[in-house]
Amino acid sequence: MQADFDVIVVGGGHAGTEAALAAARSGARTLLITQNIETLGQMSCNPAIGGIGKSHLVKEIDALGGVMALAADYAGIHFRILNGRKGPAVRATRAQADRQRYKAFVRGALENQQNLSIFQQSVDDLIVEGDTVTGIVTDMGLRFSAATVVLTVGTFLGGLIHVGMDKRQGGRAGDAAANRLADRLREMPFNVDRLKTGTPPRIDGKTVDFTDLEEQPGDEPRPVMSYLSTIDVHPQQVSCFITHTNPVTHELIRAGLDRSPLYTGEIDGVGPRYCPSIEDKVVRFAEKNSHQIFIEPEGLGTTELYPNGISTSLPFDVQVALVRSIKGFENAHITRPGYAIEYDYFEPRDLKSTLETRHLKGLYFAGQINGTTGYEEAAAQGLIAGLNAARQARGESGWCPGRNEAYIGVLIDDLITMGTKEPYRIFTSRAEYRLILRQDNADRRLTPMGRELGLVDEVRWAKFNRKQDAITDWAGRMTSTFVQRGDSRIEQLLGQDMAREYSLIDLLRRPDVAIGALLTAADMDAPAVEVQEQIEIDCKYEGYIARQQGEIDRVQAQHNLAIPDDIDYLAIHGLSNEVSQKLQQVRPATIGQAGRISGITPAAISLLLIYLKKQQAAGMVRQTKQNPNAATKKLA
Amino acid sequence: MISNSTIVAQATPPGKGGIGIVRLSGPAVPEIAKALVGQLPKPRFATYTQFTDKDDQTIDQGLVIYFPGPASFTGEDVLELQGHGGPFVMTMLIERCLQLGARLARPGEFSERAFLNDKMDLSQAEAIADLIDSASSAAAKSAVRSLQGEFSKRIHTLVEQVTRLRMFVEAAIDFPEEEIDFLSDERVEAMLKSIIEEFNDLLKGAVQGSMLREGVSLVLVGRPNAGKSSLLNNLTGKELSIVTDIPGTTRDVIDDYLHLDGLPLRLIDTAGLRETHDQIEQEGVRRALAEISKADHLILIIDCEAHQGHLRTTLDALSAEVPLEIPTTIVLNKIDLADTWETELQPLPKNWIPLSAKTGQGVDVLRAHLKEALGYSANQEGSFIARTRHVHALRQANDAVLTGRARLLDQNAGELLAEELKICQQALGEITGTVTSDELLGRIFSSFCIGK
């Protein structure tokens with residue numbers, strides 16, 4: 001019997017929407033099932049997309065045809081370039097987004113996507129046959145069958161919301177938790193644990209006095225998030241503001257700690273170290289008597305504000321007092337209380353790099369269910385899980401970018417190799433090839449592959465090729481254009497005389513020569529800014545890129561060495577117990593991944609290689625007996 | 001599996017020999033050969049040539065043989081350099097190969113490659129696994145030994161300084177909105193300056209060998225007044241220990257370095273093992289036990305004169321006090337003053353050496369025995385290699401810091417400083433173990449209040 005769908009995606013957050021879109025884009029008949037169609041594409045926490053490391057992910061999602069960057073451009077009411085004065089590799093883009101516009105854009109994209117159906121129901125159970133998932137059951141008892149299922153249920157599994165000593169079940173303020181599904185999953189062979197995250201109280205802007213607050217306007221020239229966008233799609237732009245906590249605030253917080261669920265032991269889940277609640281900051285960094293708060297607008301059509309930096313689960317009366325102790329907030333009215341939320345997540349080391357679970361075939365996990373935090377991290381996993389669910393439904397092999405190709409690859413490899421003890425967030429320092437994985441070249445790194453995978457449409461592909469051609473063309477022209485000694489405009493630009501003739505590319509290699517000024521001095525017209533940018537960065541980072549590429553080539557050889565799924569690590573001669581157990585737990589897919597597990601020494605890798613070689617030789621003998629013509633993959 | 005890194009190691013035993021062989025294997029072999037001897041040698045012919053350094057100065061003269069893969073020991077391109085076998089020349093040759101892009105082979109790595117490239121019988125898999133296992137632990141032991149004392153302390157301080165600096169630099173990059181932009185403040189420059197000074201100092205010390213000690217460690221154990229100090233003095237030819245007739249004279253651990261025909265040995269004399277209530281002496285016994293546990297080889301000394309008539313029981317009692325797994329030589333001392341030892345202890349096992357430390361009788365036999373027992377094991381990584389490894393790592397780390405500082409000061413390129421510091425830390429990681437990005441982030445979160 002044919003299944004109702006190829007792929008069912010459960011959940012309509014950032015992971016779910018990218019998963020459903022990717023699956024459908026690549027040609028799979030897809031169902032997105034959500035508790036509430038009105039919350040598709042909802043930003044549950046702060047109204048911003050991007051940031052350091054995160055905008056790298058957004059641009060990679062964009063390069064693979066995803067929706068996040070386009071939605072951020074459509075909804076972005078304030079754009080900034082972070083690390084603008086540092087090098088291009090660590091530069092990032094952040095957008096404050098109008099929540100309503102963001103949601104509307106995502107919903108529009110879903111509704112207009114071919115092959116994609118949307119349905120509103122709670123999912124209560126998975127249909128499992130043997131060790132394979134074949135569909136889902138809704139709370140009305142409706143059954144839908146599919147070749148593969150992607151779970152992107154965020155904080156809804158066993159969600160428990162804390163405000164002071166008060167706690168109640170919920171997946172997000174105002175939305176019910178998915179407890180029946182959580183109970184069912186707990187009965188299955190997954191390793192489950194609890195994490196915690198939090199959000200600040202929201203404030204009505206009408207009650208804030210901005211007179212003495214520091215205004216932070218967006219950056220000019222204004223960046224865009226998507227490779228397809230121009231700033232013409234941006235709505236009206238607004239400013240953010242900055243204020244600070246003070247000793248009075250901290251005193252109020254300390255006085256309320258006896259009613260803080262974090263400090264009275266009510267919360268078991270582990271929260272992120274890089275996004276602590278304000279009570280955590282005050283306790284752990286007692287010597288600091290002021291903390292920065294970014295006041296972010298929630299949108300153009302609302303006066304609500306998001307005070308970023310005071311996430312808290314203190315009781316409501318303490319929240320009111322602490323907010324009103326802050327400059328500008330003296331008369332502030334809280335529109336929604338801040339809260340902490342605890343939720344289930346599953347050990348990500350039980351996942352394959354396709355994000356399929358090891359325990360149930362055809363079941364994929366993406367987003368916070370894997371222990372990550374952040375819209376961008378969720379969306380990145382969603383895209384990979386949705387794509388691979390669709391590919392599996394068609395009987396095709398999976399795909400995940402490598403650590404050398406994308407931050408998406410770093411994120412997924414970290415999760416499945418090291419697991420996580422706190423909500424995982426991407427940082428540029430997690431990427432060993434940071435100078436190659438830049439936000440400016442995500443399209444050059446990924447769009448050709450995205451095209452091959454069926455994720456990239458004609459419009460994007462044509463635009464990408466025009467840019468690529470222009471880069472090649474202009475880099476060639478600059479290599480073959482020479483300037484002579486005594487060329488006064490060039491020498492003035494260089495600040496010194498030239499000893500001989502130079503090509504423009506040679507001159508561009510000098511640290512203080514900018515491409516725009518160089519082309520002007522050489523009397524050449526100039527290509528588009530994004531083309532100039534690529535030529536200049538390629539040139540300035542040349543030596544470093546070559547070195548990192550050399551390292552990648554060395555590591556790649558190990559990456560191509562697959563480890564069979566059924567390997568018994570305890571049988572390997574010479575491996576210590578500790579090492580065998582670590583390998584047994586992570587079950588790395590390749591020798592390269594094995595080498596990244598902490599505590600795995602080069603000697604252990606050597607022993608593993610020798611064992612595989614011996615096994616493979618023994619296997620070859622067996623296979624030869626069955627079928628003398630069978631091609632065997634050599635360990636070489 | 002054709003590997004894509006090129007490895008180098010000394011193929012002959014460490015120490016002074018007539019000829020020493022350095023072997024290379026991997027894809028960069030042809031390129032390294034050209035740089036080292038001027039041209040690619042004719043395959044499988046022994047060519048007499050000069051080995052030159054980067055300034056074209058001759059390091060040594062000798063034979064070079066090029067074995068193109070797959071017809072070679074490892075199945076990859078292999079180069080053999082046969083030079084004069086002194087430790088100094090061998091080190092220079094190896095360092096030159098490192099400069100040209102090779103890396104030091106891990107213990108057992110040549111055999112591992114040979115096996116993976118079908119150059120060895122499958123039945124040898126376990127044997128090779130054992131070899132890698134034992135050679136790795138031997139190498140780890142050498143590394144620990146080479147890292148003892150002052151050098152170790154300073155290297156760890158340096159690693160800590162680099163980690164701290166990276167913490168500032170990475171925090172500035174990953175959290176630009178947190179009011180912690182250290183790249184533009186003078187602290188980073190000051191930290192760089194002090195790290196560079198420390199590198200200079202350490203490198204000077206490491207190269208001169210004043211801090212990185214080399215050699216197999218040999219520990220003398222025996223009851224007080226058994227003649228340990230006399231034997232030490234006799235072997236080294238120096239007056240090191242205070243030699244008197246009062247038991248327990250040697251109250252501290254005394255060591256010295258000696259070359260047994262070029263094989264570097266660290267010879268350690270310990271205070272006698274005995275129960276004592278003298279506090280200073282107790283400390284001596286404690287240190288003696290610590291040295292014994294780290295030794296490569298033990299020499300148990302027994303006084304044949306004092307224990308006449310019950311030599312065997314005394315020996316048994318003494319042996320019971322030292323770890324079984326460490327190879328041991330038993331020295332029967334003061335045979336010039338005793339006469340029953342020959343009848344009491346017949347037949348003498350090979351590792352029992354009768355001698356007189358006072359007259360020198362039998363000391364040559366001991367030397368020959370030690371040379372055989374300690375000298376050669378081609379697959380064991382000695383301290384000598386450990387030292388080369390450390391010096392090479394220090395140089396790489398130092399270069400990276402210097403480049404990083406230039407990038408910051410000349411181009412204001414914080415991200416390139418970060419990159420160089422990462423390279424620096426990886427190099428130091430060869431000595432002390434790596435610092436992962438997650439550990440670094442942990443340091444950042446515990447030092448700075450991050451959290452927008």
# chains A, B, ... in the order shown; residues from 1 in each chain; ligands from 1
>>> select_by_dssp(residues="region 240-369 of chain A", states="strand (DSSP E or B)", output="NGL selection string")
:A and (240-244 or 270 or 292-297 or 304-308 or 334-336 or 339-346 or 351 or 356-357 or 361 or 363-365)
>>> interface_residues(of="chain B", to="chain A", cutoff="7 Å", atoms="only C-alpha atoms", output="PyMOL selection string")
chain B and resi 1-2+4-5+116+122+125-126+129-130+132-133+136+170+173-174+176+411+413-415+437+445+449-452
>>> write_last_selection(atoms="N, CA and C atoms", output="PDB file, in the first residue's frame")
ATOM      1  N   MET B   1      45.987   1.730   1.936  1.00  0.00           N
ATOM      2  CA  MET B   1      45.726   3.143   2.233  1.00  0.00           C
ATOM      3  C   MET B   1      46.991   3.945   2.017  1.00  0.00           C
ATOM      4  N   ILE B   2      46.968   4.816   1.061  1.00  0.00           N
ATOM      5  CA  ILE B   2      48.110   5.691   0.879  1.00  0.00           C
ATOM      6  C   ILE B   2      47.841   6.914   1.753  1.00  0.00           C
ATOM      7  N   ASN B   4      48.424  10.624   3.537  1.00  0.00           N
ATOM      8  CA  ASN B   4      48.863  11.871   2.929  1.00  0.00           C
ATOM      9  C   ASN B   4      49.761  12.710   3.819  1.00  0.00           C
ATOM     10  N   SER B   5      50.263  12.127   4.902  1.00  0.00           N
ATOM     11  CA  SER B   5      51.300  12.840   5.632  1.00  0.00           C
ATOM     12  C   SER B   5      52.610  12.075   5.462  1.00  0.00           C
ATOM     13  N   LEU B 116      48.956  -1.614   6.599  1.00  0.00           N
ATOM     14  CA  LEU B 116      47.752  -1.107   5.933  1.00  0.00           C
ATOM     15  C   LEU B 116      47.897  -1.123   4.418  1.00  0.00           C
ATOM     16  N   LEU B 122      48.643 -10.639   7.117  1.00  0.00           N
ATOM     17  CA  LEU B 122      47.518 -10.323   8.007  1.00  0.00           C
ATOM     18  C   LEU B 122      47.691 -10.931   9.392  1.00  0.00           C
ATOM     19  N   ALA B 125      48.710  -8.785  12.354  1.00  0.00           N
ATOM     20  CA  ALA B 125      47.895  -7.673  12.866  1.00  0.00           C
ATOM     21  C   ALA B 125      48.037  -7.504  14.373  1.00  0.00           C
ATOM     22  N   GLU B 126      47.910  -8.599  15.103  1.00  0.00           N
ATOM     23  CA  GLU B 126      47.982  -8.506  16.568  1.00  0.00           C
ATOM     24  C   GLU B 126      49.367  -8.057  17.018  1.00  0.00           C
ATOM     25  N   ALA B 129      49.622  -4.455  16.468  1.00  0.00           N
ATOM     26  CA  ALA B 129      48.812  -3.757  17.466  1.00  0.00           C
ATOM     27  C   ALA B 129      49.548  -3.707  18.810  1.00  0.00           C
ATOM     28  N   ASP B 130      50.149  -4.824  19.185  1.00  0.00           N
ATOM     29  CA  ASP B 130      50.900  -4.853  20.451  1.00  0.00           C
ATOM     30  C   ASP B 130      52.069  -3.891  20.414  1.00  0.00           C
ATOM     31  N   ILE B 132      52.385  -1.159  18.630  1.00  0.00           N
ATOM     32  CA  ILE B 132      51.929   0.224  18.734  1.00  0.00           C
ATOM     33  C   ILE B 132      51.575   0.542  20.179  1.00  0.00           C
ATOM     34  N   ASP B 133      50.899  -0.405  20.786  1.00  0.00           N
ATOM     35  CA  ASP B 133      50.488  -0.230  22.162  1.00  0.00           C
ATOM     36  C   ASP B 133      51.679  -0.025  23.090  1.00  0.00           C
ATOM     37  N   SER B 136      53.782   3.066  22.242  1.00  0.00           N
ATOM     38  CA  SER B 136      53.137   4.313  22.632  1.00  0.00           C
ATOM     39  C   SER B 136      53.301   4.572  24.118  1.00  0.00           C
ATOM     40  N   GLU B 170      39.407  35.230  21.517  1.00  0.00           N
ATOM     41  CA  GLU B 170      38.196  34.563  21.031  1.00  0.00           C
ATOM     42  C   GLU B 170      36.940  35.216  21.616  1.00  0.00           C
ATOM     43  N   ILE B 173      36.057  38.135  19.633  1.00  0.00           N
ATOM     44  CA  ILE B 173      35.505  37.805  18.320  1.00  0.00           C
ATOM     45  C   ILE B 173      34.078  37.274  18.436  1.00  0.00           C
ATOM     46  N   ASP B 174      33.848  36.377  19.374  1.00  0.00           N
ATOM     47  CA  ASP B 174      32.535  35.735  19.443  1.00  0.00           C
ATOM     48  C   ASP B 174      31.498  36.559  20.206  1.00  0.00           C
ATOM     49  N   PRO B 176      31.166  40.326  20.439  1.00  0.00           N
ATOM     50  CA  PRO B 176      31.568  41.730  20.227  1.00  0.00           C
ATOM     51  C   PRO B 176      30.630  42.717  20.903  1.00  0.00           C
ATOM     52  N   GLN B 411      48.150  44.815  10.530  1.00  0.00           N
ATOM     53  CA  GLN B 411      46.907  44.818   9.756  1.00  0.00           C
ATOM     54  C   GLN B 411      45.679  44.938  10.629  1.00  0.00           C
ATOM     55  N   ALA B 413      44.454  42.694  12.248  1.00  0.00           N
ATOM     56  CA  ALA B 413      43.663  41.511  11.881  1.00  0.00           C
ATOM     57  C   ALA B 413      43.560  40.572  13.075  1.00  0.00           C
ATOM     58  N   GLY B 414      42.597  40.849  13.932  1.00  0.00           N
ATOM     59  CA  GLY B 414      42.392  40.030  15.125  1.00  0.00           C
ATOM     60  C   GLY B 414      42.090  38.587  14.795  1.00  0.00           C
ATOM     61  N   GLU B 415      41.375  38.365  13.681  1.00  0.00           N
ATOM     62  CA  GLU B 415      40.994  36.990  13.355  1.00  0.00           C
ATOM     63  C   GLU B 415      42.215  36.194  12.909  1.00  0.00           C
ATOM     64  N   SER B 437      38.091  23.478  21.712  1.00  0.00           N
ATOM     65  CA  SER B 437      37.355  24.742  21.599  1.00  0.00           C
ATOM     66  C   SER B 437      36.292  24.815  22.693  1.00  0.00           C
ATOM     67  N   PHE B 445      33.262  31.600  29.410  1.00  0.00           N
ATOM     68  CA  PHE B 445      32.011  31.789  30.159  1.00  0.00           C
ATOM     69  C   PHE B 445      32.256  31.931  31.660  1.00  0.00           C
ATOM     70  N   CYS B 449      31.216  37.751  31.992  1.00  0.00           N
ATOM     71  CA  CYS B 449      29.773  37.590  32.062  1.00  0.00           C
ATOM     72  C   CYS B 449      29.200  37.789  30.672  1.00  0.00           C
ATOM     73  N   ILE B 450      28.958  36.680  29.997  1.00  0.00           N
ATOM     74  CA  ILE B 450      28.433  36.719  28.642  1.00  0.00           C
ATOM     75  C   ILE B 450      26.944  36.500  28.746  1.00  0.00           C
ATOM     76  N   GLY B 451      26.154  37.156  27.963  1.00  0.00           N
ATOM     77  CA  GLY B 451      24.748  36.806  28.021  1.00  0.00           C
ATOM     78  C   GLY B 451      23.838  37.918  27.616  1.00  0.00           C
ATOM     79  N   LYS B 452      23.802  38.124  26.348  1.00  0.00           N
ATOM     80  CA  LYS B 452      22.835  39.078  25.854  1.00  0.00           C
ATOM     81  C   LYS B 452      21.540  38.330  25.671  1.00  0.00           C
TER      82      LYS B 452
END
>>> residues_around(residues="Tyr339 (chain A)", least_positions_apart="6", cutoff="8 Å", atoms="only C-alpha atoms", output="PyMOL selection string")
chain A and resi 161-163+198-201+311-314
>>> residues_around(residues="Met449 (chain A)", least_positions_apart="3", cutoff="12 Å", atoms="only C-alpha atoms", output="list of chain:residue names")
A:Glu60, A:Ala63, A:Leu64, A:Gly65, A:Trp399, A:Cys400, A:Pro401, A:Glu405, A:Ala406, A:Ala442, A:Asp443, A:Arg444, A:Arg445, A:Leu446, A:Glu452, A:Leu453, A:Gly454, A:Leu455, A:Val456, A:Trp461
>>> closest_residue(among="B:Leu40, B:Met120, B:Ala105, B:Ala28", to="Ser72 (chain B)", atoms="only C-alpha atoms")
B:Met120
>>> atom_distance(atom1="CA of His250 (chain A)", atom2="CA of Gly171 (chain A)")
29.8 Å
>>> closest_residue(among="A:Gly27, A:Gly154, A:Pro423, A:Pro564", to="Ala390 (chain A)", atoms="only C-alpha atoms")
A:Gly27
>>> residues_around(residues="Ile196 (chain B)", least_positions_apart="4", cutoff="9 Å", atoms="only C-alpha atoms", output="PyMOL selection string")
chain B and resi 191-192+200-201+398+401-402
>>> residues_around(residues="region 157-160 of chain A", least_positions_apart="2", cutoff="7 Å", atoms="only C-alpha atoms", output="JSON, numbers by chain")
{"A": [153, 155, 162, 167, 168, 169, 170, 171, 177, 178, 179, 182, 341, 342, 343, 344]}
>>> closest_residue(among="B:Ile423, B:Asn412, B:Leu300, B:Gln308", to="Arg547 (chain A)", atoms="only C-alpha atoms")
B:Ile423
>>> residues_around(residues="region 264-268 of chain A", least_positions_apart="5", cutoff="8 Å", atoms="only C-alpha atoms", output="list in words")
Met165, Arg194, Leu195, Lys196, Leu257, Asp258, Arg259 and Glu342 of chain A
>>> closest_residue(among="B:Ala71, B:Val89, B:Leu267, B:Ile32", to="Gly20 (chain B)", atoms="only C-alpha atoms")
B:Val89
>>> atom_distance(atom1="CA of Gln50 (chain B)", atom2="CA of Val22 (chain B)")
14.1 Å
>>> decode(residues="region 20-35 of chain A", atoms="N, CA, C and O atoms", output="PDB file, in the first residue's frame")
ATOM      1  N   ALA A  20      10.196  20.921   6.362  1.00  0.00           N
ATOM      2  CA  ALA A  20       9.090  20.678   5.433  1.00  0.00           C
ATOM      3  C   ALA A  20       9.397  21.290   4.069  1.00  0.00           C
ATOM      4  O   ALA A  20       9.168  20.671   3.024  1.00  0.00           O
ATOM      5  N   LEU A  21       9.951  22.515   4.080  1.00  0.00           N
ATOM      6  CA  LEU A  21      10.260  23.182   2.813  1.00  0.00           C
ATOM      7  C   LEU A  21      11.338  22.431   2.042  1.00  0.00           C
ATOM      8  O   LEU A  21      11.240  22.245   0.828  1.00  0.00           O
ATOM      9  N   ALA A  22      12.370  21.979   2.753  1.00  0.00           N
ATOM     10  CA  ALA A  22      13.472  21.288   2.065  1.00  0.00           C
ATOM     11  C   ALA A  22      12.983  19.972   1.477  1.00  0.00           C
ATOM     12  O   ALA A  22      13.314  19.617   0.337  1.00  0.00           O
ATOM     13  N   ALA A  23      12.191  19.236   2.265  1.00  0.00           N
ATOM     14  CA  ALA A  23      11.689  17.956   1.774  1.00  0.00           C
ATOM     15  C   ALA A  23      10.840  18.180   0.519  1.00  0.00           C
ATOM     16  O   ALA A  23      11.027  17.510  -0.506  1.00  0.00           O
ATOM     17  N   ALA A  24       9.939  19.153   0.599  1.00  0.00           N
ATOM     18  CA  ALA A  24       9.042  19.412  -0.527  1.00  0.00           C
ATOM     19  C   ALA A  24       9.814  19.953  -1.729  1.00  0.00           C
ATOM     20  O   ALA A  24       9.571  19.565  -2.873  1.00  0.00           O
ATOM     21  N   ARG A  25      10.786  20.865  -1.469  1.00  0.00           N
ATOM     22  CA  ARG A  25      11.589  21.414  -2.568  1.00  0.00           C
ATOM     23  C   ARG A  25      12.311  20.312  -3.313  1.00  0.00           C
ATOM     24  O   ARG A  25      12.435  20.335  -4.520  1.00  0.00           O
ATOM     25  N   SER A  26      12.809  19.344  -2.556  1.00  0.00           N
ATOM     26  CA  SER A  26      13.571  18.294  -3.210  1.00  0.00           C
ATOM     27  C   SER A  26      12.649  17.273  -3.885  1.00  0.00           C
ATOM     28  O   SER A  26      13.106  16.305  -4.461  1.00  0.00           O
ATOM     29  N   GLY A  27      11.318  17.498  -3.792  1.00  0.00           N
ATOM     30  CA  GLY A  27      10.396  16.684  -4.577  1.00  0.00           C
ATOM     31  C   GLY A  27       9.566  15.687  -3.806  1.00  0.00           C
ATOM     32  O   GLY A  27       8.818  14.913  -4.411  1.00  0.00           O
ATOM     33  N   ALA A  28       9.662  15.673  -2.467  1.00  0.00           N
ATOM     34  CA  ALA A  28       8.902  14.689  -1.697  1.00  0.00           C
ATOM     35  C   ALA A  28       7.505  15.211  -1.375  1.00  0.00           C
ATOM     36  O   ALA A  28       7.338  16.399  -1.082  1.00  0.00           O
ATOM     37  N   ARG A  29       6.513  14.320  -1.394  1.00  0.00           N
ATOM     38  CA  ARG A  29       5.174  14.686  -0.945  1.00  0.00           C
ATOM     39  C   ARG A  29       5.245  14.822   0.570  1.00  0.00           C
ATOM     40  O   ARG A  29       5.525  13.850   1.276  1.00  0.00           O
ATOM     41  N   THR A  30       5.020  16.021   1.058  1.00  0.00           N
ATOM     42  CA  THR A  30       5.329  16.327   2.454  1.00  0.00           C
ATOM     43  C   THR A  30       4.107  16.829   3.203  1.00  0.00           C
ATOM     44  O   THR A  30       3.317  17.615   2.669  1.00  0.00           O
ATOM     45  N   LEU A  31       3.965  16.392   4.449  1.00  0.00           N
ATOM     46  CA  LEU A  31       2.936  16.922   5.333  1.00  0.00           C
ATOM     47  C   LEU A  31       3.604  17.608   6.511  1.00  0.00           C
ATOM     48  O   LEU A  31       4.461  17.024   7.174  1.00  0.00           O
ATOM     49  N   LEU A  32       3.235  18.881   6.764  1.00  0.00           N
ATOM     50  CA  LEU A  32       3.689  19.543   7.978  1.00  0.00           C
ATOM     51  C   LEU A  32       2.504  19.535   8.932  1.00  0.00           C
ATOM     52  O   LEU A  32       1.431  20.037   8.605  1.00  0.00           O
ATOM     53  N   ILE A  33       2.696  18.949  10.102  1.00  0.00           N
ATOM     54  CA  ILE A  33       1.592  18.878  11.049  1.00  0.00           C
ATOM     55  C   ILE A  33       1.976  19.666  12.300  1.00  0.00           C
ATOM     56  O   ILE A  33       3.074  19.515  12.840  1.00  0.00           O
ATOM     57  N   THR A  34       1.106  20.589  12.693  1.00  0.00           N
ATOM     58  CA  THR A  34       1.407  21.486  13.812  1.00  0.00           C
ATOM     59  C   THR A  34       0.190  21.604  14.725  1.00  0.00           C
ATOM     60  O   THR A  34      -0.937  21.448  14.270  1.00  0.00           O
ATOM     61  N   GLN A  35       0.449  21.875  15.993  1.00  0.00           N
ATOM     62  CA  GLN A  35      -0.647  22.091  16.958  1.00  0.00           C
ATOM     63  C   GLN A  35      -1.495  23.280  16.555  1.00  0.00           C
ATOM     64  O   GLN A  35      -2.666  23.346  16.847  1.00  0.00           O
TER      65      GLN A  35
END
